[in-house]
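K.L.:
Starting off with a structure, shown below.
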Amino acid sequence: MPQLLDNLNPEQLAAVTLAPQHALILAGAGSGKTRVLTTRIAWLIQNGYCSPQGILAVTFTNKAAKEMLTRLSAMFPINTRGMWIGTFHGLCNRFLRAHHRDAGLPQLFQILDSGDQLASIKRLLKALNIDDEKFPPRELQHFINAQKEAGLRPAAVEAWDDYTRRRVELYTEYEAQCQREAVVDFPELLLRSYELLERNEPIRRHYQARFRHILVDEFQDTNRLQYKWLSLLADGGREGGASLFCVGDDDQSIYRFRGAEIGNMRDFERDFRVESVIRLEQNYRSHGNILDAANALIGHNTKRLGKNLWTDRGAGEPIRVYEAFTDSDEARWIVEEIQSLVRDGACRSDIALLYRSNAQSRVLEHQLFSSGVAYRVYGGLRFFERQEVKHALAYLRLIANPDDDTAFTRVVNFPTRGIGARSLEALQDAARTWNTPLYQTVPHLAGKPGAALGQFVALIERLRVETRDLPLHETVDHVIEMSGLRGHYQLEKEGQERLENLDELINAAANFSAEVGAGQAPGEAPSEPGSVLAEFLAHASLEAGDHQADAGSDAVQLMTVHAAKGLEFDVVFLSGLEEELFPHGNSTAEADGLEEERRLMYVAVTRARQRLYLSFTQGRMLHGQVRYNLRSRFLEEIPEPLTKWLTPPNPRRSYVSEPSPRYYNSGAGKPAAPSMPPPPPLRSRDLGGLAIGQAVNHPRFGDGVIIAAEGSGSDARVQVKFAEAGSKWLMLAVAKLTPAS
């Protein structure tokens with residue numbers, strides 16, 4: 001027993017040896033929560049509070065469950081094979097296998113993963129002859145899963161309009177189809193388990209008596225149904241029920257889009273009358289300056305349970321801040337800094353490049369590729385391998401070369417246009433007969449298949465004509481719009497990221513055109529548009545080639561901040577710290593959206609062990625045009641003494657929020673650096689005859705109102721709030737703004 005408790009700090013020791021009762025452990029980043037959980041289980045067993053079979057431990061990933069079992073096996077000789085330690089889905093699957101008859105399932109029921117579920121929904125819509133443009137399969141999948149995660153069967157869903165009523169009917173049909181085929185999706189595993197426990201008292205009493213200690217990891221990420229499932233097993237906190245030991249960090253709750261409910265932590269305190277709330281605040285990962293910055297940031301959130309990270313590792317290096325002119329300059333500086341770190345002995349695999357949006361990886365990947373620096377995109381695809389990007393490139397390839405059968409088959413029915421598998425089979429048979437490419441075979445195909453395919457060919461021909469004389473980035477933009485790709489992803493519930501990637505493809509085209517132009521000799525005629533398109537497609541193919549480093553090799557790690565949660569690195573670069581990007585522009589319009597963005601920033605900062613770089617740009621490409629934003633408010637919330645600016649800070653580019661005293665905890669309670677005063681407003685003559693508050697029109701973004709301005713002369717820029725496109729900063733010299741009529 002002494003060995004089991006060796007090297008625990010006082011708070012960890014208090015959590016591990018807490019007498020059996022309901023407890024909430026607020027475990028800060030890098031505070032050793034996995035060690036506390038596994039040691040708690042071992043301590044309960046060794047002290048006779050329960051047998052190994054009396055433990056139920058819930059994690060969010062299979063990796064975390066395996067790590068917990070491995071650590072337990074190393075602590076003392078115990079057979080962990082029969083222990084109930086796993087993910088919510090894994091444990092519910094085990095439960096339903098044991099009680100399949102009571103759950104109304106065959107013994108060998110199969111589980112649909114997310115992709116299988118989507119295919120099942122598509123098959124259902126086709127069988128019912130439902131227009132999948134009016135009811136997009138992926139959107140219907142999200143609707144069904146959201147209802148299940150809320151614990152609602154179709155009969156309990158409130159249908160407030162005809163569209164929702166029809167979706168509820170499709171939910172009913174989908175359930176019937178799954179029951180006929182003896183399959184369950186992931187949300188169904190949990191919902192059916194909960195329903196069985198709720199209605200079957202003997203089974204419920206059996207498991208309530210068996211599991212005397214329930215331990216939950218990453219409690220801040222639980223949704224409402226998961227909380228209800230845990231509460232049911234713990235008998236709702238009534239006397240004699242199981243002890244619920246929940247470990248989580250409300251400051252790292254960043255999965256609201258997946259249904260995570262941060263309010264579960266407060267509800268747990270209230271519903272179970274929790275008397276023991278233990279804070280694990282000593283951090284074993286990062287140096288003091290990094291932790292002080294994290295504390296200062298998260299201190300601006302109002303809905304917190306409250307804790308402050310600290311370390312005995314010393315202050316360490318200051319946080320380096322860099323302002324670049326453009327996103328390309330930012331990427332170039334990051335790669336040069338990485339190369340310098342590697343020359344000084346750093347391992348590439350200990351360096352991470354983090355970004356808020358997946359679309360930001362494109363310019364970073366390009367610079368890494370051009371500089372010959374090995375890299376891996378963690379938990380995702382490289383930019384030119386992403387589905388939506390490959391779809392857009394396929395349309396462009398058909399414009400450049402209509403005989404490209406691979407591109408043809410990829411997008412002939414995407415977005416869907418009524419061209420089914422039989423029509424394609426008929427076309428392929430005819431192509432073999434005529435010995436011609438698919439595109440050229442279409443005119444030889446008669447009947448309904450020929451008519452539908454003929455419309456697709458007409459679309460490509462029209463795109464070829466309409467883009468013949470356009471600059472490359474406008475060609476890409478036009479194709480994305482007229483092909484229906486943009487409209488398709490706008491209908492998807494989670495299509496925002498795909499739209500951002502399509503916008504980034506436009507930026508890639510604009511940057512490529514600029515590079516091609518810069519490489520021409522003086523007096524040389526510019527390349528023909530078709531030639532530039534062919535060169536760009538070749539460039540995209542080369543960058544999508546097999547140059548990404550293998551798993552486990554010494555390579556720089558690229559990932560979104562969401563993907564970085566749970567990871568740590570010696571060196572972290574966080575790019576794109578600009579208003580509208582991080583925090584994301586949508587966050588200010590959502591309830592508690594800004595607080596979740598700040599928690600995301602907190603997660604990003606606490607990934608760094610030794611050195612942290614923060615960077616932002618004066619201008620960033622969007623839709624092939626430079627967009628100007630202020631630097632992120634999160635930079636203003638980091639106390640100045642903790643930072644080292646590698647470029648002189650420009651107060652006119654700072655985000656100025658309402659003044660409020662904020663403090664960070666470094667042991668001295670020093671106040672955060674105050675925000676800089678706002679720049680003086682511009683007069684109308686500085687705005688080319690326009691004025692703040694005036695309605696204006698932009699050829700791309702439509703109607704809007706000027707709400708702010710800064711700079712003068714050729715550097716003057718205005719912030720315009722557009723009705724559809726949101727708030728944008730635009731350079732007056734290039735924006736082509738006109739007074740609205």
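Simple scheme: letters A, B, ... for chains in structure tokens order, numbers from 1 for residues in each chain, numbers from 1 for ligands in the order shown.
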How close does segment 249-311 of chain A get to segment 231-235 of chain A? List, as a Markdown table, each residue of segment 249-311 of chain A within 12 Å, its nearest atom pair and the distance in Å to one decimal, counting only C-alpha atoms.

P.N.:
| residue | atom | partner | partner_atom | distance |
| --- | --- | --- | --- | --- |
| A:Asn264 | CA | A:Ser231 | CA | 10.9 |
| A:Asp267 | CA | A:Ser231 | CA | 10.8 |
| A:Phe268 | CA | A:Ser231 | CA | 8.8 |
| A:Asp271 | CA | A:Ser231 | CA | 9.1 |
| A:Phe272 | CA | A:Ser231 | CA | 8.9 |

K.L.:
Could the residues in this selection be written to a file with N, CA and C atoms, as a CSV table (one decimal), in the first residue's frame?

P.N.:
chain,number,residue,atom,x,y,z
A,264,ASN,N,-23.6,19.3,-16.9
A,264,ASN,CA,-23.7,18.0,-16.1
A,264,ASN,C,-22.9,18.1,-14.9
A,267,ASP,N,-25.0,19.9,-12.4
A,267,ASP,CA,-26.1,19.1,-12.0
A,267,ASP,C,-25.7,17.9,-11.1
A,268,PHE,N,-24.5,17.4,-11.4
A,268,PHE,CA,-24.0,16.3,-10.5
A,268,PHE,C,-23.8,16.8,-9.1
A,271,ASP,N,-27.6,17.2,-7.8
A,271,ASP,CA,-28.4,16.0,-7.8
A,271,ASP,C,-27.9,15.0,-6.7
A,272,PHE,N,-26.6,14.9,-6.6
A,272,PHE,CA,-26.0,13.9,-5.7
A,272,PHE,C,-25.5,14.5,-4.4

K.L.:
Might you pull out every residue within 10 Å of His142 of chain A, with only C-alpha atoms counted and same-chain residues fewer than 2 positions away left off, and present them as number ranges by chain?

P.N.:
A: 118, 137-140, 144-148, 258, 492-494

K.L.:
With distances taken over only C-alpha atoms, which of A:Glu481, A:Ile351, A:Lys728, A:Val377 is nearest to Glu580 of chain A?

P.N.:
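Checking each candidate against Glu580 of chain A, we get A:Lys728 as the closest.
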
K.L.:
Using only C-alpha atoms, find the one residue out of A:Asp250, A:Asp162, A:Glu149, A:Glu67 that sits nearest to Leu189 of chain A.

P.N.:
A:Glu149

K.L.:
Excluding Asn507 of chain A and its own-chain neighbours fewer than 2 positions away, which residues fall within 6 Å of it when counting only C-alpha atoms? Please give them as a ChimeraX atom specification.

P.N.:
/A:504-505,509-510,621,624

K.L.:
Please produce a file of the residues just selected, as a tab-separated table (two decimals), in the first residue's frame, where the atoms kept are N, CA, C and O atoms.

P.N.:
chain	number	residue	atom	x	y	z
A	504	GLU	N	-10.56	27.82	-49.01
A	504	GLU	CA	-9.11	27.76	-48.99
A	504	GLU	C	-8.55	27.28	-50.34
A	504	GLU	O	-7.45	27.66	-50.73
A	505	LEU	N	-9.31	26.46	-51.05
A	505	LEU	CA	-8.88	26.04	-52.39
A	505	LEU	C	-8.84	27.26	-53.33
A	505	LEU	O	-7.94	27.36	-54.18
A	509	ALA	N	-5.52	28.73	-55.24
A	509	ALA	CA	-5.45	29.10	-56.65
A	509	ALA	C	-4.91	30.52	-56.82
A	509	ALA	O	-4.09	30.79	-57.71
A	510	ALA	N	-5.36	31.44	-55.97
A	510	ALA	CA	-4.88	32.82	-56.05
A	510	ALA	C	-3.38	32.89	-55.75
A	510	ALA	O	-2.63	33.59	-56.45
A	621	MET	N	-5.89	35.37	-46.88
A	621	MET	CA	-6.67	35.16	-48.09
A	621	MET	C	-8.03	34.54	-47.78
A	621	MET	O	-8.13	33.60	-46.98
A	624	GLY	N	-9.99	34.24	-52.46
A	624	GLY	CA	-9.02	34.79	-53.39
A	624	GLY	C	-8.68	36.24	-53.16
A	624	GLY	O	-7.94	36.84	-53.93

K.L.:
Excluding Leu646 of chain A and any residue of its chain fewer than 6 positions from it, enumerate the residues within 7 Å of it, using only C-alpha atoms, and give them as an MDAnalysis selection string.

P.N.:
chainID A and resid 320:322

K.L.:
Contacts of Glu330 of chain A at 9 Å or less, counting only C-alpha atoms, minus same-chain residues fewer than 5 places along, as a list of chain:residue names?

P.N.:
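My list of contacting residues is A:Tyr322, A:Glu323, A:Ala324, A:Phe325, A:Val335, A:Leu364, A:Ser575, A:Gly576, A:Ser615, A:Phe616, A:Thr617.
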
K.L.:
Mind giving me the straight-line distance from atom CA of Gly418 of chain A to atom CA of Asp116 of chain A in Å, one decimal?

P.N.:
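According to the coordinates, atom CA of Gly418 of chain A and atom CA of Asp116 of chain A are separated by 22.0 Å.
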
K.L.:
What lies within 12 Å of segment 122-133 of chain A using only C-alpha atoms, ignoring chain neighbours under 2 positions off, as a PyMOL selection string?

P.N.:
chain A and resi 115-120+135-141+166-167+169-178+414-418+420+484+487-492

K.L.:
Between atom CA of Ile319 of chain A and atom CA of Leu614 of chain A, what is the spacing in Å?

P.N.:
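It comes out at 7.4 Å.
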
K.L.:
How many Å separate atom CA of Ala359 of chain A from atom CA of Ala591 of chain A?

P.N.:
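Interatomic distance, atom CA of Ala359 of chain A to atom CA of Ala591 of chain A: 24.8 Å.
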
K.L.:
What's the 10 Å shell around Ala430 of chain A, counting only C-alpha atoms, without same-chain residues fewer than 4 positions away, as a count of residues only?

P.N.:
12

K.L.:
Determine which residues of segment 265-408 of chain A receive a DSSP assignment of helix (DSSP H, G or I), computed from the backbone, and state them as number ranges by chain.

P.N.:
A: 265-271, 288-298, 327-343, 348-350, 358-371, 383-385, 387-400, 405-408

K.L.:
Could you pull out the strand (DSSP E or B) residues of segment 297-523 of chain A, going by DSSP on the backbone, and write them as a list in words?

P.N.:
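Written out, the strand (DSSP E or B) residues of segment 297-523 of chain A are Trp310, Ile319, Arg320, Val321, Tyr322, Glu323, Ala324, Phe325, Thr326, Ile351, Ala352, Leu353, Leu354, Tyr355, Tyr375, Arg376 and Val377 of chain A.
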
K.L.:
Write the residues you've just listed into a file as a compact mmCIF listing (two decimals), in the first residue's frame, and include all heavy atoms for each of them.

P.N.:
# COMPACT_ATOMS: atom_id res chain seq x y z
N TRP A 310 -0.66 25.45 -11.43
CA TRP A 310 0.66 25.92 -11.01
C TRP A 310 1.67 24.79 -11.17
O TRP A 310 1.29 23.63 -11.35
CB TRP A 310 0.64 26.42 -9.55
CG TRP A 310 0.32 25.35 -8.54
CD1 TRP A 310 -0.92 24.96 -8.15
CD2 TRP A 310 1.25 24.55 -7.82
NE1 TRP A 310 -0.83 23.95 -7.22
CE2 TRP A 310 0.50 23.66 -7.00
CE3 TRP A 310 2.64 24.46 -7.77
CZ2 TRP A 310 1.09 22.74 -6.14
CZ3 TRP A 310 3.24 23.54 -6.93
CH2 TRP A 310 2.48 22.70 -6.12
N ILE A 319 6.43 33.50 -23.69
CA ILE A 319 5.63 33.09 -24.84
C ILE A 319 5.95 34.02 -26.00
O ILE A 319 5.84 35.24 -25.88
CB ILE A 319 4.13 33.15 -24.49
CG1 ILE A 319 3.83 32.15 -23.37
CG2 ILE A 319 3.27 32.88 -25.71
CD1 ILE A 319 2.48 32.34 -22.75
N ARG A 320 6.36 33.45 -27.12
CA ARG A 320 6.78 34.25 -28.27
C ARG A 320 5.59 34.59 -29.15
O ARG A 320 4.79 33.71 -29.48
CB ARG A 320 7.85 33.50 -29.06
CG ARG A 320 9.17 33.37 -28.31
CD ARG A 320 10.05 32.28 -28.90
NE ARG A 320 11.39 32.27 -28.31
CZ ARG A 320 11.71 31.69 -27.17
NH1 ARG A 320 10.77 31.07 -26.47
NH2 ARG A 320 12.95 31.72 -26.71
N VAL A 321 5.48 35.86 -29.53
CA VAL A 321 4.36 36.34 -30.34
C VAL A 321 4.91 36.94 -31.63
O VAL A 321 5.86 37.74 -31.60
CB VAL A 321 3.52 37.39 -29.58
CG1 VAL A 321 2.31 37.81 -30.41
CG2 VAL A 321 3.09 36.85 -28.22
N TYR A 322 4.30 36.57 -32.75
CA TYR A 322 4.79 37.04 -34.06
C TYR A 322 3.63 37.53 -34.90
O TYR A 322 2.60 36.86 -35.01
CB TYR A 322 5.51 35.90 -34.78
CG TYR A 322 6.13 36.30 -36.10
CD1 TYR A 322 7.40 36.90 -36.14
CD2 TYR A 322 5.47 36.07 -37.30
CE1 TYR A 322 7.97 37.25 -37.35
CE2 TYR A 322 6.04 36.43 -38.52
CZ TYR A 322 7.29 37.02 -38.53
OH TYR A 322 7.86 37.38 -39.73
N GLU A 323 3.81 38.72 -35.49
CA GLU A 323 2.82 39.27 -36.41
C GLU A 323 3.38 39.20 -37.82
O GLU A 323 4.44 39.78 -38.10
CB GLU A 323 2.48 40.71 -36.05
CG GLU A 323 1.50 41.36 -37.02
CD GLU A 323 1.15 42.80 -36.65
OE1 GLU A 323 1.82 43.36 -35.75
OE2 GLU A 323 0.23 43.37 -37.27
N ALA A 324 2.68 38.49 -38.71
CA ALA A 324 3.12 38.36 -40.10
C ALA A 324 2.27 39.26 -41.00
O ALA A 324 1.18 39.68 -40.62
CB ALA A 324 2.99 36.91 -40.55
N PHE A 325 2.79 39.53 -42.20
CA PHE A 325 2.02 40.34 -43.14
C PHE A 325 0.87 39.54 -43.74
O PHE A 325 -0.24 40.03 -43.85
CB PHE A 325 2.94 40.86 -44.26
CG PHE A 325 3.94 41.88 -43.78
CD1 PHE A 325 5.29 41.57 -43.71
CD2 PHE A 325 3.54 43.15 -43.39
CE1 PHE A 325 6.21 42.50 -43.25
CE2 PHE A 325 4.45 44.09 -42.93
CZ PHE A 325 5.79 43.76 -42.86
N THR A 326 1.16 38.30 -44.15
CA THR A 326 0.15 37.45 -44.79
C THR A 326 0.23 36.04 -44.20
O THR A 326 1.17 35.71 -43.46
CB THR A 326 0.36 37.35 -46.30
OG1 THR A 326 1.59 36.65 -46.55
CG2 THR A 326 0.43 38.73 -46.95
N ILE A 351 7.25 18.69 -31.99
CA ILE A 351 6.80 20.02 -32.42
C ILE A 351 5.42 19.89 -33.04
O ILE A 351 5.20 19.05 -33.91
CB ILE A 351 7.77 20.64 -33.44
CG1 ILE A 351 9.18 20.77 -32.84
CG2 ILE A 351 7.26 21.99 -33.92
CD1 ILE A 351 10.23 21.21 -33.84
N ALA A 352 4.48 20.71 -32.59
CA ALA A 352 3.11 20.67 -33.12
C ALA A 352 2.71 22.02 -33.69
O ALA A 352 3.03 23.06 -33.11
CB ALA A 352 2.13 20.26 -32.02
N LEU A 353 2.02 21.98 -34.82
CA LEU A 353 1.42 23.18 -35.41
C LEU A 353 -0.09 23.06 -35.24
O LEU A 353 -0.71 22.16 -35.80
CB LEU A 353 1.76 23.28 -36.90
CG LEU A 353 3.07 23.96 -37.29
CD1 LEU A 353 4.25 23.22 -36.71
CD2 LEU A 353 3.21 24.04 -38.81
N LEU A 354 -0.66 23.95 -34.46
CA LEU A 354 -2.09 23.91 -34.17
C LEU A 354 -2.80 25.04 -34.90
O LEU A 354 -2.24 26.13 -35.09
CB LEU A 354 -2.36 24.03 -32.67
CG LEU A 354 -1.62 23.07 -31.74
CD1 LEU A 354 -2.10 23.26 -30.31
CD2 LEU A 354 -1.78 21.63 -32.18
N TYR A 355 -4.06 24.80 -35.26
CA TYR A 355 -4.86 25.82 -35.93
C TYR A 355 -6.31 25.59 -35.57
O TYR A 355 -6.73 24.47 -35.23
CB TYR A 355 -4.66 25.79 -37.45
CG TYR A 355 -4.42 24.42 -38.02
CD1 TYR A 355 -5.47 23.54 -38.29
CD2 TYR A 355 -3.12 23.97 -38.27
CE1 TYR A 355 -5.24 22.27 -38.80
CE2 TYR A 355 -2.88 22.70 -38.78
CZ TYR A 355 -3.95 21.86 -39.05
OH TYR A 355 -3.72 20.60 -39.54
N TYR A 375 6.28 15.99 -42.26
CA TYR A 375 5.15 16.34 -41.39
C TYR A 375 4.07 15.28 -41.51
O TYR A 375 4.02 14.49 -42.44
CB TYR A 375 4.59 17.71 -41.76
CG TYR A 375 3.78 17.74 -43.04
CD1 TYR A 375 2.40 17.53 -43.02
CD2 TYR A 375 4.39 17.99 -44.27
CE1 TYR A 375 1.66 17.55 -44.18
CE2 TYR A 375 3.66 18.01 -45.44
CZ TYR A 375 2.29 17.80 -45.39
OH TYR A 375 1.55 17.81 -46.55
N ARG A 376 3.18 15.27 -40.51
CA ARG A 376 1.99 14.43 -40.52
C ARG A 376 0.79 15.26 -40.09
O ARG A 376 0.92 16.09 -39.19
CB ARG A 376 2.14 13.24 -39.55
CG ARG A 376 2.96 12.09 -40.08
CD ARG A 376 2.81 10.85 -39.21
NE ARG A 376 1.42 10.41 -39.15
CZ ARG A 376 0.80 9.73 -40.13
NH1 ARG A 376 1.45 9.42 -41.22
NH2 ARG A 376 -0.46 9.37 -39.99
N VAL A 377 -0.34 15.03 -40.76
CA VAL A 377 -1.59 15.66 -40.32
C VAL A 377 -2.25 14.68 -39.37
O VAL A 377 -2.68 13.59 -39.77
CB VAL A 377 -2.51 15.98 -41.50
CG1 VAL A 377 -3.83 16.58 -41.00
CG2 VAL A 377 -1.82 16.94 -42.47

K.L.:
For each of A:Arg432, A:Arg40, A:His562, A:Arg486, take the minimum atom-to-atom distance to Gly380 of chain A, counting only C-alpha atoms, then give the residue where this is smallest.

P.N.:
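Closest to Gly380 of chain A of all the choices is A:His562.
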
K.L.:
Given the choices A:Leu197, A:Ile707, A:Leu56, A:Tyr602, which gets closest to Arg212 of chain A if the distance is worked out from only C-alpha atoms?

P.N.:
A:Leu56

K.L.:
I'd like to know which of A:Asn358, A:Gln339, A:Thr467, A:Asn200 is closest to Ala103 of chain A, using only C-alpha atoms.

P.N.:
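Looking only at the distances to Ala103 of chain A, the closest residue turns out to be A:Asn200.
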
K.L.:
Nearest residue to Thr87 of chain A out of A:Ala209, A:Ala446, A:Ala57, A:Met265, using only C-alpha atoms?

P.N.:
A:Ala57
